[in-house]
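> Okay, so here is target_21.txt, and as you'll see once you scroll down, it has compact mmCIF, C-alpha atoms.
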```
# COMPACT_ATOMS: atom_id res chain seq x y z
CA MET E 74 18.98 -3.76 27.61
CA LEU E 75 15.96 -5.98 27.05
CA ASP E 76 15.47 -6.28 30.81
CA ARG E 77 15.42 -2.50 31.20
CA LEU E 78 12.97 -2.16 28.31
CA ALA E 79 10.65 -4.67 29.96
CA GLY E 80 9.94 -2.19 32.76
CA ALA E 81 7.64 -0.21 30.45
CA PRO E 82 6.76 -2.74 27.75
CA TYR E 83 4.13 -1.00 25.63
CA PRO E 84 5.89 2.32 24.90
CA LYS E 85 9.18 0.49 24.46
CA ALA E 86 7.59 -2.06 22.14
CA ILE E 87 6.30 0.78 19.96
CA LEU E 88 9.67 2.52 20.04
CA LEU E 89 11.51 -0.69 19.16
CA TYR E 90 9.10 -1.36 16.31
CA LEU E 91 9.42 2.16 14.90
CA VAL E 92 13.22 2.17 15.16
CA ILE E 93 13.48 -1.10 13.25
CA ARG E 94 10.98 -0.04 10.63
CA THR E 95 12.68 3.36 10.21
CA ALA E 96 16.08 1.71 9.73
CA SER E 97 14.60 -0.65 7.13
CA VAL E 98 12.97 2.23 5.25
CA GLN E 99 16.27 4.17 5.29
CA LEU E 100 18.06 1.22 3.71
CA LEU E 101 15.33 0.99 1.10
CA ASP E 102 15.80 4.70 0.37
CA LEU E 103 19.53 4.15 -0.10
CA LEU E 104 19.13 1.23 -2.50
CA ALA E 105 16.30 2.95 -4.37
CA SER E 106 18.35 6.11 -4.94
CA ARG E 107 21.22 4.03 -6.35
CA ARG E 108 18.80 2.67 -8.95
CA GLY E 109 17.20 6.01 -9.82
CA MET E 110 14.00 5.29 -7.87
CA THR E 111 12.22 7.35 -5.24
CA LEU E 112 11.31 6.15 -1.77
CA THR E 113 7.67 7.21 -2.17
CA ASP E 114 7.36 5.23 -5.38
CA ARG E 115 8.70 2.10 -3.66
CA LEU E 116 6.46 2.45 -0.60
CA THR E 117 3.38 2.76 -2.80
CA ALA E 118 4.32 0.24 -5.50
CA TRP E 119 2.14 -2.49 -6.99
CA ASP E 120 -0.95 -3.12 -4.85
CA GLY E 121 -0.23 0.11 -3.01
CA GLN E 122 -1.37 2.02 -6.07
CA TRP E 123 -4.65 0.14 -6.02
CA TYR E 124 -5.27 1.07 -2.39
CA LEU E 125 -4.39 4.72 -2.98
CA ARG E 126 -6.77 4.91 -5.92
CA LEU E 127 -9.51 3.16 -3.95
CA ALA E 128 -9.07 5.64 -1.11
CA VAL E 129 -9.54 8.54 -3.54
CA HIS E 130 -12.08 7.18 -6.03
CA GLY E 131 -13.85 4.29 -4.32
CA TYR E 132 -14.79 1.04 -6.05
CA ALA E 133 -17.42 2.32 -8.45
CA ASP E 134 -15.42 5.16 -9.99
CA LEU E 135 -11.97 3.59 -10.22
CA PRO E 136 -10.59 4.28 -13.71
CA GLY E 137 -8.35 2.13 -15.86
CA THR E 138 -8.87 -1.30 -14.24
CA LEU E 139 -7.27 -4.18 -16.16
CA ASP E 140 -6.95 -7.94 -15.75
CA ALA E 141 -3.78 -10.06 -15.95
CA ALA E 142 -3.99 -10.01 -19.76
CA ARG E 143 -4.12 -6.17 -19.70
CA GLN E 144 -7.74 -6.17 -20.79
CA PRO E 145 -10.41 -3.88 -19.28
CA TYR E 146 -11.92 -5.51 -16.20
CA SER E 147 -14.35 -3.43 -14.15
CA ASP E 148 -14.62 -5.99 -11.32
CA ALA E 149 -10.87 -6.02 -10.60
CA PRO E 150 -11.01 -3.47 -7.72
CA MET E 151 -13.17 -5.83 -5.68
CA ALA E 152 -10.16 -8.12 -5.23
CA PHE E 153 -9.04 -5.62 -2.58
CA PHE E 154 -10.80 -5.66 0.77
CA PRO E 155 -12.32 -2.33 1.84
CA LEU E 156 -11.21 -1.46 5.38
CA TYR E 157 -7.71 -0.17 4.67
CA PRO E 158 -8.67 2.24 1.85
CA LYS E 159 -11.65 3.40 3.95
CA LEU E 160 -9.36 4.22 6.87
CA VAL E 161 -6.96 6.00 4.53
CA GLY E 162 -9.87 8.06 3.22
CA MET E 163 -10.89 8.96 6.78
CA VAL E 164 -7.35 10.13 7.62
CA MET E 165 -7.37 12.22 4.45
CA TRP E 166 -10.23 14.21 6.00
CA LEU E 167 -7.59 15.67 8.31
CA GLY E 168 -6.07 17.38 5.29
CA LEU E 169 -3.32 14.86 4.60
CA ASP E 170 -2.18 13.78 1.17
CA VAL E 171 -3.36 10.28 0.22
CA VAL E 172 0.17 8.85 0.36
CA VAL E 173 0.87 10.35 3.78
CA ALA E 174 -2.52 9.16 5.01
CA ALA E 175 -1.87 5.60 3.79
CA LEU E 176 1.57 5.40 5.39
CA THR E 177 0.19 6.91 8.59
CA VAL E 178 -2.48 4.21 8.84
CA SER E 179 0.19 1.54 8.35
CA MET E 180 2.47 3.10 10.97
CA LEU E 181 -0.30 3.39 13.58
CA ALA E 182 -1.48 -0.15 12.89
CA GLY E 183 2.07 -1.41 13.29
CA SER E 184 2.34 0.31 16.67
CA VAL E 185 -0.86 -1.40 17.81
CA LEU E 186 0.54 -4.68 16.52
CA ALA E 187 3.71 -4.22 18.60
CA CYS E 188 1.70 -3.74 21.79
CA GLY E 189 -0.25 -6.91 21.08
CA LEU E 190 2.97 -8.91 20.78
CA ILE E 191 3.81 -8.02 24.38
CA ARG E 192 0.60 -9.69 25.47
CA ILE E 193 1.40 -12.71 23.28
CA GLY E 194 4.82 -12.90 24.91
CA ARG E 195 3.23 -12.97 28.35
CA ALA E 196 0.86 -15.75 27.27
CA VAL E 197 3.61 -18.04 25.96
CA SER E 198 6.30 -17.31 28.54
CA SER E 199 5.07 -16.39 32.00
CA ALA E 200 8.57 -16.07 33.50
CA ARG E 201 10.05 -13.89 30.73
CA GLY E 202 6.88 -12.63 29.07
CA ASP E 203 7.80 -9.01 28.35
CA ARG E 204 11.31 -9.98 27.25
CA THR E 205 9.85 -12.60 24.92
CA GLY E 206 7.32 -10.06 23.64
CA LEU E 207 10.01 -7.50 22.85
CA LEU E 208 12.00 -10.12 21.00
CA LEU E 209 8.88 -11.02 19.04
CA VAL E 210 8.53 -7.35 18.10
CA ALA E 211 12.13 -7.26 16.88
CA LEU E 212 11.88 -10.53 14.98
CA TRP E 213 8.59 -9.67 13.29
CA ALA E 214 9.33 -6.01 12.58
CA GLY E 215 12.66 -7.03 11.06
CA ALA E 216 11.53 -10.11 9.16
CA PRO E 217 12.21 -10.50 5.43
CA MET E 218 9.55 -8.51 3.54
CA ALA E 219 8.44 -6.75 6.73
CA ILE E 220 8.88 -3.62 4.64
CA ALA E 221 5.22 -4.24 3.75
CA PHE E 222 4.38 -2.98 7.25
CA SER E 223 5.71 0.43 6.18
CA MET E 224 4.01 0.49 2.79
CA ALA E 225 0.55 1.40 1.51
CA TYR E 226 -0.44 -2.22 2.06
CA THR E 227 -2.82 -4.04 4.37
CA GLU E 228 -0.21 -6.17 6.20
CA ALA E 229 0.17 -3.94 9.25
CA LEU E 230 -3.57 -3.40 9.65
CA PHE E 231 -4.46 -7.06 9.22
CA CYS E 232 -1.69 -8.26 11.52
CA ALA E 233 -2.73 -5.78 14.21
CA PHE E 234 -6.24 -7.23 14.15
CA ALA E 235 -4.87 -10.80 14.05
CA VAL E 236 -2.56 -10.33 17.03
CA TRP E 237 -5.23 -8.76 19.20
CA ALA E 238 -7.84 -11.35 18.15
CA LEU E 239 -5.45 -14.05 19.32
CA VAL E 240 -4.80 -12.10 22.52
CA GLY E 241 -8.55 -12.16 23.04
CA VAL E 242 -8.63 -15.93 22.55
CA LEU E 243 -5.70 -16.61 24.88
CA GLU E 244 -7.04 -14.27 27.59
CA ARG E 245 -10.62 -15.43 27.04
CA ARG E 246 -11.77 -11.91 26.17
CA TRP E 247 -14.28 -13.02 23.59
CA TRP E 248 -15.57 -9.56 22.69
CA LEU E 249 -12.01 -8.58 21.77
CA ALA E 250 -11.43 -11.77 19.77
CA GLY E 251 -14.70 -11.47 17.87
CA LEU E 252 -14.43 -7.79 17.00
CA CYS E 253 -10.79 -8.04 15.91
CA ALA E 254 -11.56 -11.08 13.75
CA PHE E 255 -14.39 -9.06 12.23
CA GLY E 256 -12.00 -6.20 11.43
CA ALA E 257 -9.43 -8.58 10.00
CA GLY E 258 -12.13 -10.01 7.75
CA LEU E 259 -12.64 -6.60 6.21
CA SER E 260 -8.90 -6.23 5.64
CA ARG E 261 -7.75 -9.25 3.63
CA SER E 262 -8.71 -12.79 2.68
CA THR E 263 -6.17 -14.39 5.03
CA ALA E 264 -8.74 -13.66 7.72
CA VAL E 265 -10.47 -16.94 6.93
CA VAL E 266 -7.74 -18.69 8.94
CA LEU E 267 -8.03 -16.28 11.87
CA VAL E 268 -11.82 -16.49 11.89
CA ALA E 269 -11.67 -20.29 11.93
CA VAL E 270 -9.35 -20.26 14.95
CA VAL E 271 -11.49 -17.75 16.86
CA VAL E 272 -14.71 -19.64 16.11
CA VAL E 273 -13.27 -23.02 17.13
CA ALA E 274 -11.83 -21.63 20.38
CA ALA E 275 -15.07 -19.80 21.16
CA LEU E 276 -17.18 -22.90 20.49
CA ILE E 277 -15.03 -24.89 22.89
CA ALA E 278 -15.68 -22.22 25.52
CA VAL E 279 -19.43 -22.30 24.78
CA PHE E 280 -19.62 -26.00 25.61
CA ARG E 281 -17.05 -26.16 28.40
CA ARG E 282 -17.34 -22.90 30.34
CA ALA E 283 -20.80 -21.86 31.43
CA ASP E 284 -19.58 -18.48 32.70
CA GLU E 285 -18.20 -17.61 29.24
CA ARG E 286 -21.00 -19.07 27.17
CA TRP E 287 -22.73 -15.90 25.99
CA PRO E 288 -19.62 -13.78 25.28
CA ALA E 289 -18.06 -16.74 23.44
CA LEU E 290 -21.25 -17.32 21.47
CA ALA E 291 -21.24 -13.64 20.49
CA ALA E 292 -17.68 -14.09 19.20
CA VAL E 293 -18.80 -17.07 17.12
CA VAL E 294 -21.44 -14.89 15.49
CA VAL E 295 -19.43 -11.68 15.05
CA ALA E 296 -16.02 -13.05 14.00
CA PRO E 297 -17.03 -14.29 10.51
CA LEU E 298 -19.19 -11.29 9.59
CA GLY E 299 -16.38 -9.24 8.08
CA VAL E 300 -14.91 -11.74 5.64
CA VAL E 301 -18.23 -13.48 4.91
CA GLY E 302 -19.97 -10.15 4.45
CA TYR E 303 -17.42 -8.83 1.96
CA LEU E 304 -17.17 -12.08 0.00
CA GLY E 305 -20.97 -12.16 -0.07
CA PHE E 306 -21.05 -8.61 -1.36
CA VAL E 307 -18.62 -9.50 -4.17
CA ALA E 308 -20.67 -12.60 -4.98
CA TYR E 309 -23.79 -10.44 -5.25
CA ARG E 310 -22.06 -7.83 -7.43
CA THR E 311 -20.55 -10.42 -9.78
CA GLY E 312 -23.51 -12.80 -9.82
CA SER E 313 -21.28 -15.73 -8.85
CA TRP E 314 -20.83 -17.55 -5.52
CA THR E 315 -17.12 -17.68 -6.29
CA GLY E 316 -16.98 -14.06 -7.40
CA TRP E 317 -13.93 -13.04 -5.37
CA GLN E 318 -11.97 -16.14 -6.37
CA ASP E 319 -12.94 -15.53 -10.01
CA ILE E 320 -11.56 -11.99 -9.81
CA GLU E 321 -8.30 -13.23 -8.28
CA LEU E 322 -7.90 -15.79 -11.05
CA ARG E 323 -8.66 -13.44 -13.94
CA GLY E 324 -6.91 -10.40 -12.48
CA TRP E 325 -3.81 -11.99 -10.94
CA ASN E 326 -3.72 -15.64 -12.10
CA THR E 327 -4.09 -16.63 -8.44
CA GLU E 328 -5.96 -19.68 -7.17
CA PHE E 329 -5.56 -22.46 -4.61
CA ASP E 330 -3.72 -25.43 -6.16
CA PHE E 331 -2.68 -27.29 -2.97
CA GLY E 332 0.91 -26.11 -3.33
CA VAL E 333 1.69 -27.60 -6.74
CA GLU E 334 3.19 -24.40 -8.18
CA THR E 335 5.06 -23.64 -4.96
CA TRP E 336 6.65 -27.09 -4.93
CA GLU E 337 7.65 -26.91 -8.59
CA SER E 338 9.07 -23.41 -8.13
CA MET E 339 11.11 -24.45 -5.09
CA LEU E 340 12.57 -27.47 -6.87
CA ALA E 341 13.46 -25.38 -9.90
CA ARG E 342 15.25 -22.75 -7.81
CA LEU E 343 17.17 -25.21 -5.69
CA THR E 344 18.37 -27.22 -8.70
CA ALA E 345 19.04 -24.42 -11.20
CA ASP E 346 21.52 -21.58 -11.41
CA GLU E 347 19.32 -19.06 -9.63
CA SER E 348 20.21 -15.76 -7.95
CA VAL E 349 21.13 -15.59 -4.28
CA PHE E 350 17.88 -13.73 -3.58
CA SER E 351 15.75 -16.37 -5.26
CA THR E 352 17.48 -19.23 -3.44
CA LEU E 353 17.27 -17.38 -0.12
CA THR E 354 13.52 -16.96 -0.62
CA VAL E 355 13.13 -20.73 -0.88
CA LEU E 356 15.34 -21.37 2.16
CA LEU E 357 13.40 -18.86 4.25
CA LEU E 358 10.13 -20.47 3.21
CA LEU E 359 11.44 -23.89 4.20
CA GLY E 360 12.66 -22.41 7.46
CA ALA E 361 9.18 -21.06 8.19
CA VAL E 362 7.71 -24.52 7.65
CA ALA E 363 10.31 -26.04 9.98
CA LEU E 364 9.53 -23.44 12.66
CA ALA E 365 5.82 -24.20 12.32
CA VAL E 366 6.60 -27.84 13.10
CA VAL E 367 8.65 -26.77 16.12
CA ALA E 368 5.77 -24.59 17.33
CA ALA E 369 3.36 -27.49 16.89
CA VAL E 370 5.42 -29.92 18.98
CA SER E 371 6.38 -27.38 21.66
CA ARG E 372 4.21 -25.69 24.25
CA VAL E 373 3.00 -22.86 22.06
CA PRO E 374 -0.77 -22.55 22.74
CA TRP E 375 -2.79 -24.36 20.11
CA PRO E 376 -4.71 -21.29 18.81
CA LEU E 377 -1.40 -19.62 17.92
CA THR E 378 -0.02 -22.78 16.33
CA LEU E 379 -3.20 -23.47 14.38
CA TYR E 380 -3.31 -19.90 13.11
CA GLY E 381 0.37 -19.90 12.08
CA VAL E 382 0.14 -23.27 10.33
CA GLY E 383 -3.09 -22.22 8.63
CA VAL E 384 -1.55 -19.02 7.23
CA LEU E 385 1.47 -20.95 5.95
CA ALA E 386 -0.74 -23.60 4.35
CA LEU E 387 -2.86 -20.96 2.65
CA ALA E 388 0.18 -19.08 1.30
CA ILE E 389 2.04 -22.19 0.16
CA GLY E 390 -1.07 -23.80 -1.30
CA THR E 391 -2.00 -20.81 -3.47
CA ARG E 392 -0.79 -20.57 -7.05
CA GLY E 393 0.40 -17.24 -8.43
CA LEU E 394 3.29 -14.86 -7.74
CA PRO E 395 5.71 -17.38 -6.17
CA ASP E 396 8.28 -14.64 -5.56
CA ALA E 397 5.82 -12.92 -3.22
CA LYS E 398 5.47 -15.87 -0.83
CA MET E 399 7.55 -14.17 1.85
CA ARG E 400 5.05 -11.32 2.03
CA PHE E 401 2.14 -13.73 2.11
CA ILE E 402 3.54 -15.60 5.11
CA LEU E 403 4.24 -12.42 7.12
CA PRO E 404 1.01 -12.80 9.14
CA ALA E 405 2.20 -16.23 10.36
CA PHE E 406 4.03 -14.68 13.32
CA PRO E 407 3.55 -17.68 15.68
CA VAL E 408 6.34 -19.51 13.82
CA LEU E 409 8.73 -16.98 15.39
CA ILE E 410 7.58 -17.72 18.94
CA PRO E 411 9.99 -20.65 19.55
CA ILE E 412 12.91 -18.43 18.51
CA ALA E 413 11.75 -15.60 20.77
CA ILE E 414 11.32 -17.95 23.72
CA GLY E 415 14.75 -19.46 23.12
CA LEU E 416 16.48 -16.09 22.83
CA ALA E 417 14.70 -14.81 25.93
CA LYS E 418 16.54 -17.51 27.92
CA ARG E 419 19.94 -16.43 26.62
CA ARG E 420 22.22 -13.69 27.85
CA THR E 421 21.13 -10.21 26.84
CA GLY E 422 24.15 -9.72 24.58
CA THR E 423 23.44 -12.96 22.73
CA ALA E 424 19.76 -12.13 22.29
CA VAL E 425 20.48 -8.62 21.04
CA ALA E 426 23.18 -9.80 18.62
CA ALA E 427 20.90 -12.45 17.14
CA ALA E 428 18.01 -10.01 16.81
CA VAL E 429 20.20 -7.38 15.14
CA ALA E 430 21.58 -9.92 12.66
CA TRP E 431 18.01 -10.97 11.79
CA VAL E 432 16.91 -7.36 11.35
CA VAL E 433 19.86 -6.58 9.07
CA LEU E 434 19.07 -9.64 6.92
CA GLY E 435 15.39 -8.71 6.77
CA ALA E 436 16.11 -5.08 5.90
CA TRP E 437 18.44 -6.04 3.07
CA PHE E 438 16.03 -8.67 1.76
CA SER E 439 13.14 -6.17 1.79
CA ALA E 440 15.11 -3.37 0.14
CA HIS E 441 16.52 -5.69 -2.51
CA ALA E 442 13.06 -7.08 -3.22
CA LEU E 443 11.58 -3.64 -3.84
CA THR E 444 14.44 -2.32 -5.92
CA ALA E 445 15.88 -5.25 -7.86
CA TRP E 446 13.26 -8.00 -7.99
CA ARG E 447 10.24 -7.40 -10.18
CA TYR E 448 7.55 -9.51 -8.54
CA ALA E 449 8.77 -10.02 -4.97
CA ILE E 450 5.96 -8.00 -3.40
```
Let me see the structure of the file written as structure tokens.

Amino acid sequence: MLDRLAGAPYPKAILLYLVIRTASVQLLDLLASRRGMTLTDRLTAWDGQWYLRLAVHGYADLPGTLDAARQPYSDAPMAFFPLYPKLVGMVMWLGLDVVVAALTVSMLAGSVLACGLIRIGRAVSSARGDRTGLLLVALWAGAPMAIAFSMAYTEALFCAFAVWALVGVLERRWWLAGLCAFGAGLSRSTAVVLVAVVVVAALIAVFRRADERWPALAAVVVAPLGVVGYLGFVAYRTGSWTGWQDIELRGWNTEFDFGVETWESMLARLTADESVFSTLTVLLLLGAVALAVVAAVSRVPWPLTLYGVGVLALAIGTRGLPDAKMRFILPAFPVLIPIAIGLAKRRTGTAVAAAVAWVVLGAWFSAHALTAWRYAI
């Protein structure tokens, strides 16, 4: 089946992505209804409500903003990067409801993401590139907490930019790498890792490849403008160089602590009488770290490995909301590349069976997180 799909990789990648995401959403709907919840409420929960309100009201007129202590905090909306709510607002001009517009943006971004994974597959596996790419689509679209790709969240948009920025780096298309890193920087703070990878790769090209010097130099200049520009804007508005970090700390009790809280939380869950879901979260996190090591010692191109390891380090090293770590590591897709390459070498039946089992696990994990676990998103 995967071989037949590889004949037309981009449409099939989109179809595969949408089928997996639809199945995951249907399972969420089933579990939500059993708990007296609605699907729309689950797909727009938590930060989704912030993005919907920002799309409608903007930053200046957002009512009822509170900090972690439930006290009024007018700067809280600036914790959320602007591109996603702006795109949602633009789609609303077509006459769509804000919820429909938000989910549409996520769906379209996810489709773009899926196409980019085909190109990544070709870069890491020349002999079985499209097959590897399709497996990457299945593994990422069905990963635990991949439900965020179908929510009013920035994950799909950011990851679409990240994948295509890395495609630009691997294919030495510096205009693509720079512009996508710029867009990612306007989407979420994780872009600092992506920007660093693009800038380092582009600087290497500046000094080593005379024919690529000017496009690569342009990427060096353009790539950081999104994230630096927004963080600079927040610093100006708050009157503090660490304005965005200050908002994260006061609003969500989130700050970088070099992984102290993550380590303590993992030890507590593995040594106490915790739920299956809580223990599984720790095991999946440890598995992601192990896969990052495998990617680092294998032939995965260094920009992909550096990006994946950087995203993991940022997520693990940040204090606050330990139950949400699986969502935070979603952008670290390169850790799945060794699995995709390995499955691509197996018989089709084996590859499909493994991918389906992974998708089922991810769909259950996502649905359970949104319906039974209070802070897992």
> With all atoms listed in the file as the atoms that count, which of E:Leu304, E:Ala133, E:Ala369, E:Leu125 lies nearest to E:Lys159?
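Of E:Leu304, E:Ala133, E:Ala369, E:Leu125, the one nearest E:Lys159 is E:Leu125, counting all atoms listed in the file.
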> How many Å separate atom CA of E:Arg400 from atom CA of E:Val240?
22.7 Å
> Restricting the calculation to only C-alpha atoms: of E:Ile389, E:Ala278, E:Ala442, E:Val271, which residue gets closest to E:Met339?
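Ranked by minimum distance to E:Met339, first place goes to E:Ile389.
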> Restricting the calculation to all atoms listed in the file: of E:Val384, E:Val270, E:Val300, E:Met218, which residue gets closest to E:Ala397?
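The shortest atom-to-atom distance to E:Ala397 comes from E:Met218.
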> Identify, on the basis of all atoms listed in the file, every residue whose closest approach to E:Leu239 does not exceed 8 Å; exclude the query and any residue fewer than 5 positions from it along the same chain; express the result as a PyMOL selection string.
chain E and resi 250+271+376-377
> Choose the residue, out of E:Leu127, E:Ile412, E:Val164, E:Val366, that has the smallest atom-to-atom separation from E:Gly206; count only C-alpha atoms.
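Ranked by minimum distance to E:Gly206, first place goes to E:Ile412.
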> One number please: atom CA of E:Gln99 to atom CA of E:Phe438, in Å, one decimal.
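Between atom CA of E:Gln99 and atom CA of E:Phe438 the gap works out to 13.3 Å.
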> What is the distance, in Å and to one decimal place, between atom CA of E:Ala436 and atom CA of E:Gly215?
6.5 Å
> Find the residues near stretch 416-428 of chain E: any atom within 10 Å, counting all atoms listed in the file, skip ones fewer than 6 places away on the same chain, and give them as a list of chain:residue names.
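Counting only the stated atoms, we get E:Met74, E:Leu75, E:Asp76, E:Ser198, E:Ala200, E:Arg201, E:Gly202, E:Asp203, E:Arg204, E:Thr205, E:Gly206, E:Leu207, E:Leu208, E:Leu209, E:Val210, E:Ala211, E:Leu212, E:Gly215, E:Ile410, E:Leu434.
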> At a cut-off of 10 Å around the point (-17.6, -16.9, 13.4) (file coordinates), what residues fall inside when counting only C-alpha atoms? I'd like the answer as a list of chain:residue names.
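Residues lying no farther than 10 Å from the given point: E:Gly251, E:Ala254, E:Phe255, E:Val265, E:Leu267, E:Val268, E:Ala269, E:Val270, E:Val271, E:Val272, E:Val273, E:Ala275, E:Leu276, E:Leu290, E:Ala291, E:Ala292, E:Val293, E:Val294, E:Val295, E:Ala296, E:Pro297, E:Leu298, E:Gly299, E:Val300, E:Val301.
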> Can you list, as JSON, numbers by chain, every protein, DNA or RNA residue that comes within 12 Å of E:Leu357 when you count all atoms listed in the file, leaving out same-chain residues fewer than 3 positions away?
{"E": [216, 217, 218, 339, 349, 350, 351, 352, 353, 354, 360, 361, 362, 363, 364, 396, 398, 399, 400, 402, 403, 408, 431, 434, 435, 438]}
> Just add N, CA, C and O atoms to stretch 150-166 of chain E and send it as an mmCIF file, in the frame of the given file.

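Dumped to selection.cif:
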```
data_model
loop_
_atom_site.group_PDB
_atom_site.id
_atom_site.type_symbol
_atom_site.label_atom_id
_atom_site.label_comp_id
_atom_site.auth_asym_id
_atom_site.auth_seq_id
_atom_site.Cartn_x
_atom_site.Cartn_y
_atom_site.Cartn_z
ATOM 1 N N PRO E 150 -11.213 -4.115 -9.027
ATOM 2 C CA PRO E 150 -11.010 -3.470 -7.720
ATOM 3 C C PRO E 150 -11.565 -4.261 -6.545
ATOM 4 O O PRO E 150 -11.077 -4.120 -5.418
ATOM 5 N N MET E 151 -12.564 -5.097 -6.782
ATOM 6 C CA MET E 151 -13.170 -5.830 -5.680
ATOM 7 C C MET E 151 -12.282 -6.953 -5.155
ATOM 8 O O MET E 151 -12.608 -7.598 -4.162
ATOM 9 N N ALA E 152 -11.133 -7.179 -5.785
ATOM 10 C CA ALA E 152 -10.160 -8.120 -5.230
ATOM 11 C C ALA E 152 -9.575 -7.583 -3.935
ATOM 12 O O ALA E 152 -9.064 -8.347 -3.107
ATOM 13 N N PHE E 153 -9.652 -6.263 -3.734
ATOM 14 C CA PHE E 153 -9.040 -5.620 -2.580
ATOM 15 C C PHE E 153 -10.093 -5.328 -1.515
ATOM 16 O O PHE E 153 -11.101 -4.678 -1.782
ATOM 17 N N PHE E 154 -9.828 -5.800 -0.315
ATOM 18 C CA PHE E 154 -10.800 -5.660 0.770
ATOM 19 C C PHE E 154 -10.887 -4.186 1.195
ATOM 20 O O PHE E 154 -9.927 -3.422 1.063
ATOM 21 N N PRO E 155 -12.013 -3.760 1.763
ATOM 22 C CA PRO E 155 -12.320 -2.330 1.840
ATOM 23 C C PRO E 155 -11.804 -1.557 3.055
ATOM 24 O O PRO E 155 -11.728 -0.330 2.989
ATOM 25 N N LEU E 156 -11.452 -2.217 4.154
ATOM 26 C CA LEU E 156 -11.210 -1.460 5.380
ATOM 27 C C LEU E 156 -10.010 -0.531 5.283
ATOM 28 O O LEU E 156 -10.076 0.630 5.696
ATOM 29 N N TYR E 157 -8.903 -1.010 4.749
ATOM 30 C CA TYR E 157 -7.710 -0.170 4.670
ATOM 31 C C TYR E 157 -7.940 1.094 3.838
ATOM 32 O O TYR E 157 -7.660 2.205 4.312
ATOM 33 N N PRO E 158 -8.441 0.988 2.603
ATOM 34 C CA PRO E 158 -8.670 2.240 1.850
ATOM 35 C C PRO E 158 -9.701 3.144 2.521
ATOM 36 O O PRO E 158 -9.602 4.375 2.415
ATOM 37 N N LYS E 159 -10.683 2.567 3.230
ATOM 38 C CA LYS E 159 -11.650 3.400 3.950
ATOM 39 C C LYS E 159 -10.974 4.181 5.066
ATOM 40 O O LYS E 159 -11.248 5.376 5.268
ATOM 41 N N LEU E 160 -10.092 3.527 5.805
ATOM 42 C CA LEU E 160 -9.360 4.220 6.870
ATOM 43 C C LEU E 160 -8.448 5.295 6.303
ATOM 44 O O LEU E 160 -8.313 6.377 6.878
ATOM 45 N N VAL E 161 -7.820 4.990 5.181
ATOM 46 C CA VAL E 161 -6.960 6.000 4.530
ATOM 47 C C VAL E 161 -7.806 7.210 4.140
ATOM 48 O O VAL E 161 -7.409 8.365 4.351
ATOM 49 N N GLY E 162 -8.977 6.958 3.585
ATOM 50 C CA GLY E 162 -9.870 8.060 3.220
ATOM 51 C C GLY E 162 -10.281 8.882 4.428
ATOM 52 O O GLY E 162 -10.382 10.115 4.346
ATOM 53 N N MET E 163 -10.515 8.232 5.559
ATOM 54 C CA MET E 163 -10.890 8.960 6.780
ATOM 55 C C MET E 163 -9.749 9.839 7.261
ATOM 56 O O MET E 163 -9.952 10.988 7.681
ATOM 57 N N VAL E 164 -8.513 9.335 7.198
ATOM 58 C CA VAL E 164 -7.350 10.130 7.620
ATOM 59 C C VAL E 164 -7.150 11.304 6.667
ATOM 60 O O VAL E 164 -6.711 12.386 7.080
ATOM 61 N N MET E 165 -7.493 11.120 5.405
ATOM 62 C CA MET E 165 -7.370 12.220 4.450
ATOM 63 C C MET E 165 -8.272 13.390 4.816
ATOM 64 O O MET E 165 -7.979 14.536 4.441
ATOM 65 N N TRP E 166 -9.352 13.120 5.560
ATOM 66 C CA TRP E 166 -10.230 14.210 6.000
ATOM 67 C C TRP E 166 -9.497 15.207 6.886
ATOM 68 O O TRP E 166 -9.936 16.346 7.053
#
```
